[in-house]
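Just coords_20.cif here, mmCIF, C-alpha atoms and all ligand atoms:
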data_my_file
loop_
_atom_site.group_PDB
_atom_site.id
_atom_site.type_symbol
_atom_site.label_atom_id
_atom_site.label_comp_id
_atom_site.auth_asym_id
_atom_site.auth_seq_id
_atom_site.Cartn_x
_atom_site.Cartn_y
_atom_site.Cartn_z
ATOM 1 C CA MET A 1 20.968 1.393 -24.891
ATOM 2 C CA GLN A 2 22.241 -2.142 -25.396
ATOM 3 C CA ASP A 3 20.236 -4.903 -27.077
ATOM 4 C CA TYR A 4 18.098 -6.760 -24.516
ATOM 5 C CA GLN A 5 16.529 -9.234 -26.953
ATOM 6 C CA GLY A 6 15.391 -12.234 -24.894
ATOM 7 C CA LYS A 7 16.852 -10.877 -21.643
ATOM 8 C CA VAL A 8 14.693 -11.050 -18.520
ATOM 9 C CA VAL A 9 13.974 -7.853 -16.585
ATOM 10 C CA ALA A 10 11.963 -7.880 -13.332
ATOM 11 C CA ILE A 11 10.763 -4.579 -11.859
ATOM 12 C CA THR A 12 8.893 -3.703 -8.651
ATOM 13 C CA GLY A 13 6.958 -0.447 -8.546
ATOM 14 C CA ALA A 14 6.446 -0.908 -12.287
ATOM 15 C CA ALA A 15 2.985 0.629 -12.649
ATOM 16 C CA ASN A 16 4.044 4.287 -12.502
ATOM 17 C CA GLY A 17 6.968 6.674 -12.673
ATOM 18 C CA ILE A 18 10.515 5.339 -12.915
ATOM 19 C CA GLY A 19 9.450 1.671 -12.896
ATOM 20 C CA LYS A 20 6.968 2.182 -15.723
ATOM 21 C CA GLU A 21 9.518 4.047 -17.843
ATOM 22 C CA LEU A 22 12.047 1.256 -17.239
ATOM 23 C CA ALA A 23 9.448 -1.307 -18.366
ATOM 24 C CA LEU A 24 8.688 0.634 -21.544
ATOM 25 C CA ARG A 25 12.392 1.095 -22.361
ATOM 26 C CA PHE A 26 13.388 -2.526 -21.745
ATOM 27 C CA GLY A 27 10.256 -3.798 -23.504
ATOM 28 C CA ALA A 28 11.142 -1.710 -26.570
ATOM 29 C CA ALA A 29 14.689 -3.135 -26.425
ATOM 30 C CA GLY A 30 13.395 -6.712 -26.687
ATOM 31 C CA ALA A 31 13.421 -7.824 -23.038
ATOM 32 C CA ARG A 32 10.914 -10.209 -21.476
ATOM 33 C CA LEU A 33 9.329 -8.501 -18.493
ATOM 34 C CA ALA A 34 8.128 -9.482 -15.018
ATOM 35 C CA LEU A 35 6.290 -6.493 -13.555
ATOM 36 C CA ALA A 36 5.087 -6.046 -9.983
ATOM 37 C CA ASP A 37 3.131 -3.317 -8.231
ATOM 38 C CA ILE A 38 0.421 -2.727 -5.664
ATOM 39 C CA ASP A 39 -1.464 -0.524 -8.188
ATOM 40 C CA ALA A 40 -3.514 -3.120 -10.094
ATOM 41 C CA ASP A 41 -5.210 -0.670 -12.479
ATOM 42 C CA HIS A 42 -2.089 1.050 -13.775
ATOM 43 C CA LEU A 43 -0.091 -2.190 -13.847
ATOM 44 C CA GLY A 44 -2.810 -3.922 -15.881
ATOM 45 C CA ALA A 45 -2.964 -1.015 -18.325
ATOM 46 C CA LEU A 46 0.831 -1.070 -18.741
ATOM 47 C CA ARG A 47 0.853 -4.841 -19.303
ATOM 48 C CA LYS A 48 -1.765 -4.460 -22.009
ATOM 49 C CA GLU A 49 0.119 -1.588 -23.657
ATOM 50 C CA LEU A 50 3.307 -3.671 -23.713
ATOM 51 C CA GLU A 51 1.497 -6.737 -25.066
ATOM 52 C CA ASP A 52 0.047 -4.564 -27.834
ATOM 53 C CA TYR A 53 3.651 -3.754 -28.795
ATOM 54 C CA GLY A 54 4.389 -7.514 -28.867
ATOM 55 C CA VAL A 55 6.394 -7.566 -25.619
ATOM 56 C CA GLU A 56 6.440 -10.793 -23.576
ATOM 57 C CA VAL A 57 5.261 -9.701 -20.124
ATOM 58 C CA PHE A 58 3.419 -10.817 -17.011
ATOM 59 C CA GLU A 59 2.114 -8.754 -14.129
ATOM 60 C CA SER A 60 1.997 -9.549 -10.442
ATOM 61 C CA VAL A 61 -0.048 -7.409 -8.066
ATOM 62 C CA PHE A 62 1.209 -7.453 -4.482
ATOM 63 C CA ASP A 63 2.574 -5.351 -1.658
ATOM 64 C CA VAL A 64 6.371 -5.500 -1.268
ATOM 65 C CA ARG A 65 5.845 -5.446 2.496
ATOM 66 C CA HIS A 66 4.923 -9.127 2.248
ATOM 67 C CA PHE A 67 7.905 -11.429 1.687
ATOM 68 C CA ALA A 68 5.856 -14.473 0.625
ATOM 69 C CA ASP A 69 4.415 -12.487 -2.294
ATOM 70 C CA MET A 70 7.863 -11.227 -3.335
ATOM 71 C CA GLU A 71 9.162 -14.799 -3.213
ATOM 72 C CA ALA A 72 6.233 -15.975 -5.358
ATOM 73 C CA PHE A 73 7.051 -13.182 -7.856
ATOM 74 C CA ALA A 74 10.696 -14.286 -8.069
ATOM 75 C CA VAL A 75 9.711 -17.950 -8.413
ATOM 76 C CA ARG A 76 7.228 -17.080 -11.183
ATOM 77 C CA THR A 77 9.845 -14.990 -13.004
ATOM 78 C CA VAL A 78 12.321 -17.871 -13.100
ATOM 79 C CA ALA A 79 9.616 -20.452 -13.861
ATOM 80 C CA THR A 80 8.286 -18.347 -16.751
ATOM 81 C CA TYR A 81 11.535 -17.157 -18.317
ATOM 82 C CA GLY A 82 14.213 -19.485 -16.917
ATOM 83 C CA ALA A 83 16.463 -16.727 -15.500
ATOM 84 C CA VAL A 84 16.682 -13.107 -14.290
ATOM 85 C CA ASP A 85 19.150 -10.744 -15.961
ATOM 86 C CA LEU A 86 18.130 -7.462 -14.309
ATOM 87 C CA PHE A 87 16.096 -6.986 -11.139
ATOM 88 C CA PHE A 88 14.987 -3.434 -10.343
ATOM 89 C CA ASN A 89 14.075 -3.285 -6.641
ATOM 90 C CA ASN A 90 12.305 0.020 -7.195
ATOM 91 C CA ALA A 91 8.968 0.330 -5.332
ATOM 92 C CA GLY A 92 8.938 3.131 -2.798
ATOM 93 C CA VAL A 93 6.796 5.641 -0.932
ATOM 94 C CA ILE A 94 7.311 8.992 0.774
ATOM 95 C CA SER A 95 5.911 10.665 3.886
ATOM 96 C CA VAL A 96 6.509 14.073 5.452
ATOM 97 C CA GLY A 97 6.492 15.356 8.996
ATOM 98 C CA THR A 98 8.261 16.722 12.037
ATOM 99 C CA ILE A 99 9.951 13.860 13.847
ATOM 100 C CA TRP A 100 8.437 14.498 17.265
ATOM 101 C CA ASP A 101 4.915 15.001 15.860
ATOM 102 C CA GLN A 102 4.626 12.578 12.953
ATOM 103 C CA PRO A 103 2.587 9.434 13.732
ATOM 104 C CA LEU A 104 4.780 6.400 14.435
ATOM 105 C CA ALA A 105 2.650 4.469 11.928
ATOM 106 C CA ASP A 106 4.284 6.532 9.165
ATOM 107 C CA TRP A 107 7.705 5.237 10.252
ATOM 108 C CA ASP A 108 6.490 1.652 10.134
ATOM 109 C CA TRP A 109 5.048 2.175 6.646
ATOM 110 C CA LEU A 110 8.153 3.865 5.239
ATOM 111 C CA PHE A 111 10.524 1.270 6.682
ATOM 112 C CA ASP A 112 8.278 -1.666 5.728
ATOM 113 C CA VAL A 113 8.122 -0.526 2.078
ATOM 114 C CA ASN A 114 11.411 1.308 1.476
ATOM 115 C CA VAL A 115 13.728 -0.861 3.582
ATOM 116 C CA LYS A 116 12.107 -4.223 4.260
ATOM 117 C CA GLY A 117 10.582 -4.215 0.757
ATOM 118 C CA VAL A 118 14.127 -3.895 -0.615
ATOM 119 C CA VAL A 119 15.350 -6.657 1.728
ATOM 120 C CA HIS A 120 12.471 -8.840 0.507
ATOM 121 C CA GLY A 121 13.506 -8.240 -3.100
ATOM 122 C CA ILE A 122 17.126 -9.131 -2.320
ATOM 123 C CA LYS A 123 16.165 -12.229 -0.347
ATOM 124 C CA ALA A 124 13.774 -13.481 -3.032
ATOM 125 C CA PHE A 125 15.792 -12.711 -6.174
ATOM 126 C CA VAL A 126 19.499 -12.750 -5.292
ATOM 127 C CA PRO A 127 19.822 -16.469 -4.381
ATOM 128 C CA LYS A 128 18.242 -17.366 -7.729
ATOM 129 C CA MET A 129 20.545 -14.951 -9.566
ATOM 130 C CA ILE A 130 23.619 -16.328 -7.763
ATOM 131 C CA ALA A 131 22.564 -19.891 -8.588
ATOM 132 C CA GLN A 132 22.170 -19.213 -12.306
ATOM 133 C CA ASP A 133 25.869 -18.173 -12.332
ATOM 134 C CA THR A 134 25.571 -15.656 -15.176
ATOM 135 C CA PRO A 135 26.493 -11.939 -15.178
ATOM 136 C CA CYS A 136 23.364 -10.196 -13.927
ATOM 137 C CA ARG A 137 22.440 -7.105 -11.956
ATOM 138 C CA ILE A 138 20.261 -6.039 -9.027
ATOM 139 C CA ILE A 139 19.450 -2.326 -9.077
ATOM 140 C CA ASP A 140 17.948 -0.888 -5.880
ATOM 141 C CA THR A 141 16.290 2.533 -6.048
ATOM 142 C CA ALA A 142 17.325 4.628 -3.045
ATOM 143 C CA SER A 143 17.398 8.422 -3.523
ATOM 144 C CA ILE A 144 19.615 11.467 -3.250
ATOM 145 C CA ALA A 145 17.864 11.448 0.160
ATOM 146 C CA GLY A 146 20.078 8.433 0.920
ATOM 147 C CA LEU A 147 23.143 10.680 0.544
ATOM 148 C CA LEU A 148 21.916 14.114 1.649
ATOM 149 C CA THR A 149 19.516 15.060 4.436
ATOM 150 C CA VAL A 150 16.526 17.364 3.957
ATOM 151 C CA GLU A 151 14.342 18.414 6.866
ATOM 152 C CA ASN A 152 10.948 17.844 5.222
ATOM 153 C CA SER A 153 10.759 14.040 5.119
ATOM 154 C CA PRO A 154 12.556 12.417 8.067
ATOM 155 C CA ALA A 155 11.238 8.872 7.669
ATOM 156 C CA TYR A 156 11.923 8.976 3.926
ATOM 157 C CA VAL A 157 15.488 10.216 4.417
ATOM 158 C CA ALA A 158 16.181 7.633 7.128
ATOM 159 C CA SER A 159 14.701 4.827 5.018
ATOM 160 C CA LYS A 160 16.744 5.843 1.962
ATOM 161 C CA PHE A 161 20.007 6.058 3.965
ATOM 162 C CA ALA A 162 19.116 2.541 5.096
ATOM 163 C CA SER A 163 18.395 1.186 1.625
ATOM 164 C CA LEU A 164 21.537 2.785 0.188
ATOM 165 C CA SER A 165 23.783 1.307 2.875
ATOM 166 C CA LEU A 166 21.997 -2.015 2.488
ATOM 167 C CA THR A 167 22.913 -2.045 -1.204
ATOM 168 C CA GLU A 168 26.549 -1.228 -0.385
ATOM 169 C CA VAL A 169 26.659 -4.222 1.980
ATOM 170 C CA LEU A 170 24.953 -6.384 -0.638
ATOM 171 C CA GLU A 171 27.664 -5.500 -3.163
ATOM 172 C CA LEU A 172 30.400 -6.345 -0.619
ATOM 173 C CA GLN A 173 28.780 -9.688 0.196
ATOM 174 C CA LEU A 174 28.381 -10.559 -3.492
ATOM 175 C CA GLN A 175 32.069 -9.761 -4.015
ATOM 176 C CA GLY A 176 32.870 -11.865 -0.951
ATOM 177 C CA ILE A 177 31.461 -15.006 -2.548
ATOM 178 C CA GLY A 178 32.880 -14.212 -6.008
ATOM 179 C CA SER A 179 29.380 -13.936 -7.467
ATOM 180 C CA LYS A 180 28.679 -12.783 -11.014
ATOM 181 C CA VAL A 181 25.769 -10.702 -9.657
ATOM 182 C CA THR A 182 26.559 -6.987 -9.328
ATOM 183 C CA ALA A 183 24.561 -4.504 -7.249
ATOM 184 C CA HIS A 184 23.791 -0.876 -8.113
ATOM 185 C CA VAL A 185 21.977 1.863 -6.253
ATOM 186 C CA VAL A 186 19.973 4.585 -7.976
ATOM 187 C CA CYS A 187 19.980 7.979 -6.229
ATOM 188 C CA PRO A 188 17.695 10.423 -8.039
ATOM 189 C CA ALA A 189 16.793 13.879 -6.815
ATOM 190 C CA VAL A 190 13.339 15.096 -7.818
ATOM 191 C CA VAL A 191 11.816 13.331 -10.835
ATOM 192 C CA GLN A 192 8.376 13.889 -12.376
ATOM 193 C CA THR A 193 6.567 10.743 -11.234
ATOM 194 C CA ASP A 194 3.511 9.735 -9.246
ATOM 195 C CA LEU A 195 5.432 9.621 -5.929
ATOM 196 C CA ASP A 196 3.402 12.478 -4.408
ATOM 197 C CA ASN A 197 0.261 10.331 -4.812
ATOM 198 C CA CYS A 198 1.649 7.331 -2.957
ATOM 199 C CA LEU A 199 -0.974 7.526 -0.196
ATOM 200 C CA ARG A 200 -3.503 6.207 -2.750
ATOM 201 C CA HIS A 201 -2.378 2.633 -2.199
ATOM 202 C CA ARG A 202 -1.477 2.772 1.476
ATOM 203 C CA ASP A 203 -3.078 -0.164 3.243
ATOM 204 C CA PRO A 204 -5.725 1.487 5.491
ATOM 205 C CA SER A 205 -4.828 -0.940 8.267
ATOM 206 C CA THR A 206 -1.362 0.675 8.519
ATOM 207 C CA TYR A 207 -2.555 4.049 9.855
ATOM 208 C CA ASP A 208 -5.270 6.224 11.305
ATOM 209 C CA ALA A 209 -6.275 8.647 8.555
ATOM 210 C CA ASN A 210 -7.962 10.775 11.244
ATOM 211 C CA ASP A 211 -4.778 11.244 13.262
ATOM 212 C CA PRO A 212 -4.861 14.958 14.261
ATOM 213 C CA TYR A 213 -1.328 15.480 12.942
ATOM 214 C CA TYR A 214 -2.613 15.169 9.359
ATOM 215 C CA ALA A 215 -4.819 18.256 9.966
ATOM 216 C CA THR A 216 -1.943 20.476 11.147
ATOM 217 C CA ASP A 217 -0.411 23.387 9.239
ATOM 218 C CA ASP A 218 2.975 21.691 9.638
ATOM 219 C CA PHE A 219 1.803 18.575 7.807
ATOM 220 C CA ARG A 220 0.048 20.611 5.100
ATOM 221 C CA ALA A 221 3.105 22.816 4.524
ATOM 222 C CA LYS A 222 5.464 19.839 4.335
ATOM 223 C CA THR A 223 3.090 18.002 1.985
ATOM 224 C CA ALA A 224 2.973 21.096 -0.241
ATOM 225 C CA VAL A 225 6.772 20.996 -0.554
ATOM 226 C CA VAL A 226 6.517 17.513 -2.101
ATOM 227 C CA THR A 227 3.476 18.139 -4.292
ATOM 228 C CA GLY A 228 4.998 21.438 -5.429
ATOM 229 C CA SER A 229 8.421 20.030 -6.300
ATOM 230 C CA ILE A 230 7.620 16.763 -8.112
ATOM 231 C CA PRO A 231 6.033 18.450 -11.169
ATOM 232 C CA LEU A 232 9.166 20.625 -11.453
ATOM 233 C CA GLY A 233 11.534 17.655 -11.333
ATOM 234 C CA LEU A 234 13.571 15.974 -14.048
ATOM 235 C CA PRO A 235 11.369 14.348 -16.729
ATOM 236 C CA VAL A 236 11.182 10.646 -15.953
ATOM 237 C CA ALA A 237 12.468 9.703 -19.412
ATOM 238 C CA ASP A 238 15.681 11.687 -18.758
ATOM 239 C CA ALA A 239 16.175 10.080 -15.342
ATOM 240 C CA VAL A 240 15.695 6.590 -16.770
ATOM 241 C CA GLU A 241 18.047 7.322 -19.673
ATOM 242 C CA THR A 242 20.783 8.109 -17.114
ATOM 243 C CA ILE A 243 19.890 5.080 -14.980
ATOM 244 C CA ILE A 244 20.218 2.687 -17.934
ATOM 245 C CA THR A 245 23.374 4.335 -19.336
ATOM 246 C CA GLU A 246 25.154 4.272 -15.969
ATOM 247 C CA MET A 247 23.988 0.736 -15.157
ATOM 248 C CA GLU A 248 25.384 -0.480 -18.482
ATOM 249 C CA LYS A 249 28.728 1.199 -17.620
ATOM 250 C CA GLY A 250 28.752 -0.698 -14.316
ATOM 251 C CA THR A 251 28.371 2.421 -12.152
ATOM 252 C CA PHE A 252 27.493 1.547 -8.541
ATOM 253 C CA TYR A 253 26.113 4.907 -7.309
ATOM 254 C CA ILE A 254 23.817 6.036 -10.122
ATOM 255 C CA LEU A 255 23.325 9.795 -9.691
ATOM 256 C CA THR A 256 20.771 11.358 -12.025
ATOM 257 C CA HIS A 257 21.176 14.994 -10.929
ATOM 258 C CA PRO A 258 24.856 16.077 -11.175
ATOM 259 C CA ALA A 259 23.977 19.511 -9.752
ATOM 260 C CA TYR A 260 23.894 17.831 -6.310
ATOM 261 C CA ASN A 261 27.402 16.338 -6.568
ATOM 262 C CA PRO A 262 29.087 19.311 -4.789
ATOM 263 C CA ALA A 263 26.612 18.931 -1.914
ATOM 264 C CA ILE A 264 27.545 15.239 -1.572
ATOM 265 C CA THR A 265 31.232 16.136 -1.468
ATOM 266 C CA GLY A 266 30.428 18.980 0.934
ATOM 267 C CA ARG A 267 28.552 16.634 3.272
ATOM 268 C CA THR A 268 31.546 14.282 3.452
ATOM 269 C CA ALA A 269 33.882 17.195 4.176
ATOM 270 C CA ALA A 270 31.499 18.512 6.835
ATOM 271 C CA ILE A 271 31.376 15.105 8.553
ATOM 272 C CA VAL A 272 35.175 14.900 8.733
ATOM 273 C CA ALA A 273 35.335 18.511 9.989
ATOM 274 C CA GLY A 274 32.619 17.899 12.585
ATOM 275 C CA VAL A 275 30.447 20.698 11.215
ATOM 276 C CA ARG A 276 26.808 20.851 12.355
ATOM 277 C CA PRO A 277 24.196 20.377 9.551
ATOM 278 C CA LYS A 278 22.812 23.758 8.527
ATOM 279 C CA LEU A 279 19.132 24.415 7.820
ATOM 280 C CA VAL A 280 18.589 25.981 4.411
ATOM 281 C CA VAL A 281 15.749 28.487 4.809
ATOM 282 C CA ARG A 282 13.631 28.591 1.647
HETATM 283 N N1 LIG B 301 10.245 10.828 -7.972
HETATM 284 C C1 LIG B 301 11.271 11.264 -7.273
HETATM 285 O O1 LIG B 301 11.490 12.475 -7.158
HETATM 286 C C2 LIG B 301 12.196 10.278 -6.612
HETATM 287 C C3 LIG B 301 13.416 10.750 -6.126
HETATM 288 C C4 LIG B 301 14.277 9.865 -5.517
HETATM 289 C C5 LIG B 301 13.946 8.535 -5.396
HETATM 290 N N2 LIG B 301 12.751 8.105 -5.869
HETATM 291 C C6 LIG B 301 12.441 6.686 -5.688
HETATM 292 O O2 LIG B 301 12.141 6.104 -6.939
HETATM 293 C C7 LIG B 301 11.371 4.914 -6.715
HETATM 294 C C8 LIG B 301 10.207 4.913 -7.693
HETATM 295 O O3 LIG B 301 9.333 5.961 -7.335
HETATM 296 P P1 LIG B 301 8.684 6.951 -8.389
HETATM 297 O O4 LIG B 301 9.253 8.280 -8.144
HETATM 298 O O5 LIG B 301 8.725 6.370 -9.733
HETATM 299 O O6 LIG B 301 7.206 7.040 -7.808
HETATM 300 P P2 LIG B 301 5.842 6.418 -8.344
HETATM 301 O O7 LIG B 301 4.861 6.589 -7.248
HETATM 302 O O8 LIG B 301 5.514 6.999 -9.665
HETATM 303 O O9 LIG B 301 6.196 4.875 -8.530
HETATM 304 C C9 LIG B 301 6.372 4.027 -7.406
HETATM 305 C C10 LIG B 301 5.585 2.758 -7.633
HETATM 306 O O10 LIG B 301 5.735 1.915 -6.485
HETATM 307 C C11 LIG B 301 4.462 1.339 -6.205
HETATM 308 N N3 LIG B 301 4.378 0.966 -4.796
HETATM 309 C C12 LIG B 301 4.294 1.799 -3.729
HETATM 310 N N4 LIG B 301 4.189 1.096 -2.597
HETATM 311 C C13 LIG B 301 4.197 -0.218 -2.952
HETATM 312 C C14 LIG B 301 4.132 -1.416 -2.233
HETATM 313 N N5 LIG B 301 4.004 -1.408 -0.898
HETATM 314 N N6 LIG B 301 4.170 -2.579 -2.904
HETATM 315 C C15 LIG B 301 4.275 -2.583 -4.257
HETATM 316 N N7 LIG B 301 4.348 -1.475 -5.007
HETATM 317 C C16 LIG B 301 4.316 -0.304 -4.359
HETATM 318 C C17 LIG B 301 3.466 2.434 -6.548
HETATM 319 O O11 LIG B 301 2.160 1.918 -6.754
HETATM 320 C C18 LIG B 301 4.077 3.037 -7.795
HETATM 321 O O12 LIG B 301 3.607 2.420 -8.973
HETATM 322 C C19 LIG B 301 10.949 4.958 -5.249
HETATM 323 O O13 LIG B 301 11.759 4.072 -4.510
HETATM 324 C C20 LIG B 301 11.228 6.402 -4.854
HETATM 325 O O14 LIG B 301 11.479 6.548 -3.471
HETATM 326 C C21 LIG B 301 11.886 8.929 -6.486
#
Will you turn the file into structure tokens for me?
Ligand SMILES: NC(=O)c1ccc[n+]([C@@H]2O[C@H](COP(=O)([O-])OP(=O)(O)OC[C@H]3O[C@@H](n4cnc5c(N)ncnc54)[C@H](O)[C@@H]3O)[C@@H](O)[C@H]2O)c1
Amino acid sequence: MQDYQGKVVAITGAANGIGKELALRFGAAGARLALADIDADHLGALRKELEDYGVEVFESVFDVRHFADMEAFAVRTVATYGAVDLFFNNAGVISVGTIWDQPLADWDWLFDVNVKGVVHGIKAFVPKMIAQDTPCRIIDTASIAGLLTVENSPAYVASKFASLSLTEVLELQLQGIGSKVTAHVVCPAVVQTDLDNCLRHRDPSTYDANDPYYATDDFRAKTAVVTGSIPLGLPVADAVETIITEMEKGTFYILTHPAYNPAITGRTAAIVAGVRPKLVVR
């Protein structure tokens, strides 16, 4: 890992999982941190832990669904530290379901957080990063689910295809204006994080917790796929090691699980050949 002494790193979704590990790694490497999350308890504990190590850090508790709060976070980052060197647009949530049965409210939630939250981060941070006219990076967290489809989590897959393509367009537009800002997109497969607990901080106004679909065997079985797989995933420290190494190399598509690379190539070949997607029966 390079030396980040005095560099400014802003992270959304910083209280847990990948965002937390990024904060710990960049804090240890000397960066000044701007950390955002909806999870006030875990974010506060992380801020305190970092301060105890002597890291310069502030926390901002808000929901990435709200642009005004994201803008205030970006303004505070620049006002506090004078610049932004790395912005990790990382907060995200997952839901499961069968498309024709899953409540529409789940689609709104997934797209508001995973797509519009990313747009909010771009809109708040990128103009400030362009204006400072220094080499800096925006790193959006999509998923391998932005490159490969799985049947368990339709809204998640659709939202991650959206955020991945959004980051591709962002990179093209930054190139188009000759900016020194570069974009990157992180595409992990399963990582041991808190993602399976993301309902904890879902705004109750965004859904009906008593919707009958949540009592179905289909929902329970699909939920079990997520809760059963996350603990078996890549350790978060290993995923973040790859993310930082590849970002420093300038890699655009940051893939943390090379075992899936043949499937990505296979998907592209299947598209060109017109082959129907095939259900893998587990
Ligand atoms: N863990 C995996 O297997 C995996 C795989 C691929 C992609 N990802 C992506 O990685 C990113 C980080 O997730 P993670 O796995 O570290 O999970 P995580 O739940 O441990 O961390 C996500 C963080 O985002 C925060 N968050 C959720 N909704 C928010 C909102 N509306 N506003 C502000 N903060 C919010 C959560 O409180 C949490 O701290 C997500 O975008 C996720 O989709 C994770």
For ligand LIG 301 (chain B), collect every residue having any atom at a distance of at most 7 Å from a ligand atom (counting all atoms listed in the file); output as an NGL selection string.
-> :A and (12-19 or 36-39 or 62-65 or 90-94 or 113-114 or 141-145 or 187-198 or 201 or 230 or 233)
Between A:Leu86, A:Ile11, A:Ala273, A:Ala263, which is the closest to A:Val57 once you count only C-alpha atoms?
->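 Closest candidate: A:Ile11.
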Decode the PyMOL selection byres (((chain A and resi 167) around 10) and not hetatm) for the given file into explicit residues and return them as a PyMOL selection string.
-> chain A and resi 118-119+122+138-142+162-166+168-173+183-186+252-253
Can you work out the spacing between atom CA of A:Ile99 and atom CA of A:Pro154 in Å, to one decimal?
-> 6.5 Å
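Of the listed residues A:Phe88, A:Tyr4, A:Tyr156, A:Tyr260, the one whose atoms come nearest to A:Phe111 is A:Tyr156, with distances taken using only C-alpha atoms.
Going from atom CA of A:Phe125 over to atom CA of A:Leu43, you cover 20.5 Å.
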Edge lengths and centre in Å to one decimal, as AutoDock Vina command-line options, is what I'm after for the box along x, y and z that holds all listed atoms of stretch 66-79 of chain A once 6 Å is added on each side.
--center_x 8.4 --center_y -14.8 --center_z -5.8 --size_x 19.9 --size_y 23.3 --size_z 28.1
In Å, with one decimal, what is the gap from atom CA of A:Val75 to atom CA of A:Lys48?
->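 Taking atom CA of A:Val75 and atom CA of A:Lys48, their separation equals 22.3 Å.
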Counting only C-alpha atoms, write as a ChimeraX atom specification all protein and nucleic acid residues lying at most 10 Å from (-2.5, -5.0, -16.7) in the file's frame.
-> /A:15,35,39-51,57-61
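Minimum atom-to-atom distances from A:Gln132, A:Gln2, A:Thr245, A:Thr98 to A:Glu151 were compared using only C-alpha atoms, and the lowest value belongs to A:Thr98.
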Let me know the residues the PyMOL selection byres (((chain A and resi 222) around 8) and not hetatm) catches in the file above, as a PDB file with C-alpha atoms, in the coordinates of the input.
ATOM      1  CA  VAL A  96       6.509  14.073   5.452  1.00  0.00           C
ATOM      2  CA  GLY A  97       6.492  15.356   8.996  1.00  0.00           C
ATOM      3  CA  ASN A 152      10.948  17.844   5.222  1.00  0.00           C
ATOM      4  CA  SER A 153      10.759  14.040   5.119  1.00  0.00           C
ATOM      5  CA  ASP A 218       2.975  21.691   9.638  1.00  0.00           C
ATOM      6  CA  PHE A 219       1.803  18.575   7.807  1.00  0.00           C
ATOM      7  CA  ARG A 220       0.048  20.611   5.100  1.00  0.00           C
ATOM      8  CA  ALA A 221       3.105  22.816   4.524  1.00  0.00           C
ATOM      9  CA  THR A 223       3.090  18.002   1.985  1.00  0.00           C
ATOM     10  CA  ALA A 224       2.973  21.096  -0.241  1.00  0.00           C
ATOM     11  CA  VAL A 225       6.772  20.996  -0.554  1.00  0.00           C
ATOM     12  CA  VAL A 226       6.517  17.513  -2.101  1.00  0.00           C
TER      13      VAL A 226
END
Pick from A:Phe67, A:Phe87, A:Phe73, A:Trp100, whichever lies nearest to A:Ala155 using only C-alpha atoms |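 Closest to A:Ala155 of all the choices is A:Trp100.
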Kindly indicate which residue among A:Gly117, A:Leu234, A:Cys136, A:Trp109 lies nearest to A:Pro204, using only C-alpha atoms for the distances.
->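 Answer, going by the shortest atom-to-atom distance: A:Trp109.
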Which of these, A:Val157, A:Leu24, A:Leu147, A:Ala259, has the shortest distance to A:Asp52 once you count all atoms listed in the file?
-> A:Leu24
(14.1, 2.6, -22.2) in this file's frame - what residues fall within 10 Å of it? Use all atoms listed in the file and give the answer as a compact mmCIF listing (two decimals) with C-alpha atoms, keeping the file's coordinate frame.
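The result, stored in out.txt:
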# COMPACT_ATOMS: atom_id res chain seq x y z
CA MET A 1 20.97 1.39 -24.89
CA GLN A 2 22.24 -2.14 -25.40
CA LYS A 20 6.97 2.18 -15.72
CA GLU A 21 9.52 4.05 -17.84
CA LEU A 22 12.05 1.26 -17.24
CA ALA A 23 9.45 -1.31 -18.37
CA LEU A 24 8.69 0.63 -21.54
CA ARG A 25 12.39 1.10 -22.36
CA PHE A 26 13.39 -2.53 -21.74
CA GLY A 27 10.26 -3.80 -23.50
CA ALA A 28 11.14 -1.71 -26.57
CA ALA A 29 14.69 -3.14 -26.42
CA ALA A 237 12.47 9.70 -19.41
CA ASP A 238 15.68 11.69 -18.76
CA VAL A 240 15.70 6.59 -16.77
CA GLU A 241 18.05 7.32 -19.67
CA ILE A 243 19.89 5.08 -14.98
CA ILE A 244 20.22 2.69 -17.93
CA THR A 245 23.37 4.34 -19.34
